[in-house]
Amino acid sequence: MSKQLLLALLISILLYNCNGKNKSTSADKDFEAFSEKFVTEYLDWHPAYGVYLGLHRYDGKTTDYSKAGLDKQLEWLKSYDTQLAAIDSSTLSTPSYFDWCLLRNAVKNDIFLF
């Protein structure tokens, strides 16, 4: 249950537009598109979390826990970890930088749990 709450918190932070006093940069917009793609693909693989969040397009779908499915998911996570490492976080606004940190830690945590 705590992983579901962490995921819900991560998604809400990533999707919440908290520009406040910080100016949004083109790097922020690129990171926002990147993180939205990540969340969509993550929920495609974990449809139960999508249902938990009230997204009905995931109703009736299940996670592929076969060896091939798990291998594919681990490679997907490692790919996103590499892509996140390549992002120059110094070009992000403060809110986007914190979102980047949260997403990077969540990906690393999922890789660790494998």
# chains A, B, ... in the order shown; residues from 1 in each chain; ligands from 1

call {"tool": "residues_around", "arguments": {"residues": "A:Phe34", "least_positions_apart": "6", "cutoff": "10 Å", "atoms": "only C-alpha atoms", "output": "ChimeraX atom specification"}}
result
/A:28,80,83-84

call {"tool": "write_last_selection", "arguments": {"atoms": "N, CA and C atoms", "output": "PDB file, in the first residue's frame"}}
result
ATOM      1  N   ASP A  28      12.117  22.878 -18.834  1.00  0.00           N
ATOM      2  CA  ASP A  28      10.979  22.436 -18.027  1.00  0.00           C
ATOM      3  C   ASP A  28       9.912  21.780 -18.905  1.00  0.00           C
ATOM      4  N   TYR A  80      15.092   4.463 -18.787  1.00  0.00           N
ATOM      5  CA  TYR A  80      14.661   5.748 -18.221  1.00  0.00           C
ATOM      6  C   TYR A  80      15.687   6.286 -17.232  1.00  0.00           C
ATOM      7  N   GLN A  83      18.253   7.928 -19.333  1.00  0.00           N
ATOM      8  CA  GLN A  83      17.736   9.174 -19.901  1.00  0.00           C
ATOM      9  C   GLN A  83      17.654  10.274 -18.836  1.00  0.00           C
ATOM     10  N   LEU A  84      17.243   9.913 -17.626  1.00  0.00           N
ATOM     11  CA  LEU A  84      17.174  10.902 -16.546  1.00  0.00           C
ATOM     12  C   LEU A  84      18.568  11.408 -16.181  1.00  0.00           C
TER      13      LEU A  84
END

call {"tool": "closest_residue", "arguments": {"among": "A:Glu41, A:Glu75, A:Asp81, A:Asp88", "to": "A:Asn109", "atoms": "only C-alpha atoms"}}
result
A:Asp81

call {"tool": "closest_residue", "arguments": {"among": "A:Lys72, A:Asp110, A:Leu103, A:Ala85", "to": "A:Val39", "atoms": "only C-alpha atoms"}}
result
A:Leu103

call {"tool": "residues_around", "arguments": {"residues": "A:Thr82", "least_positions_apart": "4", "cutoff": "12 Å", "atoms": "only C-alpha atoms", "output": "list in words"}}
result
Glu75, Trp76, Leu77, Lys78, Ala86, Ile87, Arg104, Val107, Lys108 and Ile111 of chain A

call {"tool": "residues_around", "arguments": {"residues": "A:Asp44", "least_positions_apart": "5", "cutoff": "10 Å", "atoms": "only C-alpha atoms", "output": "PyMOL selection string"}}
result
chain A and resi 38-39+49-50+57-58+61-63

call {"tool": "atom_distance", "arguments": {"atom1": "atom CA of A:Leu92", "atom2": "atom CA of A:Ser79"}}
result
20.9 Å

call {"tool": "atom_distance", "arguments": {"atom1": "atom CA of A:His46", "atom2": "atom CA of A:Asp64"}}
result
8.7 Å

call {"tool": "atom_distance", "arguments": {"atom1": "atom CA of A:Phe31", "atom2": "atom CA of A:Phe98"}}
result
11.6 Å
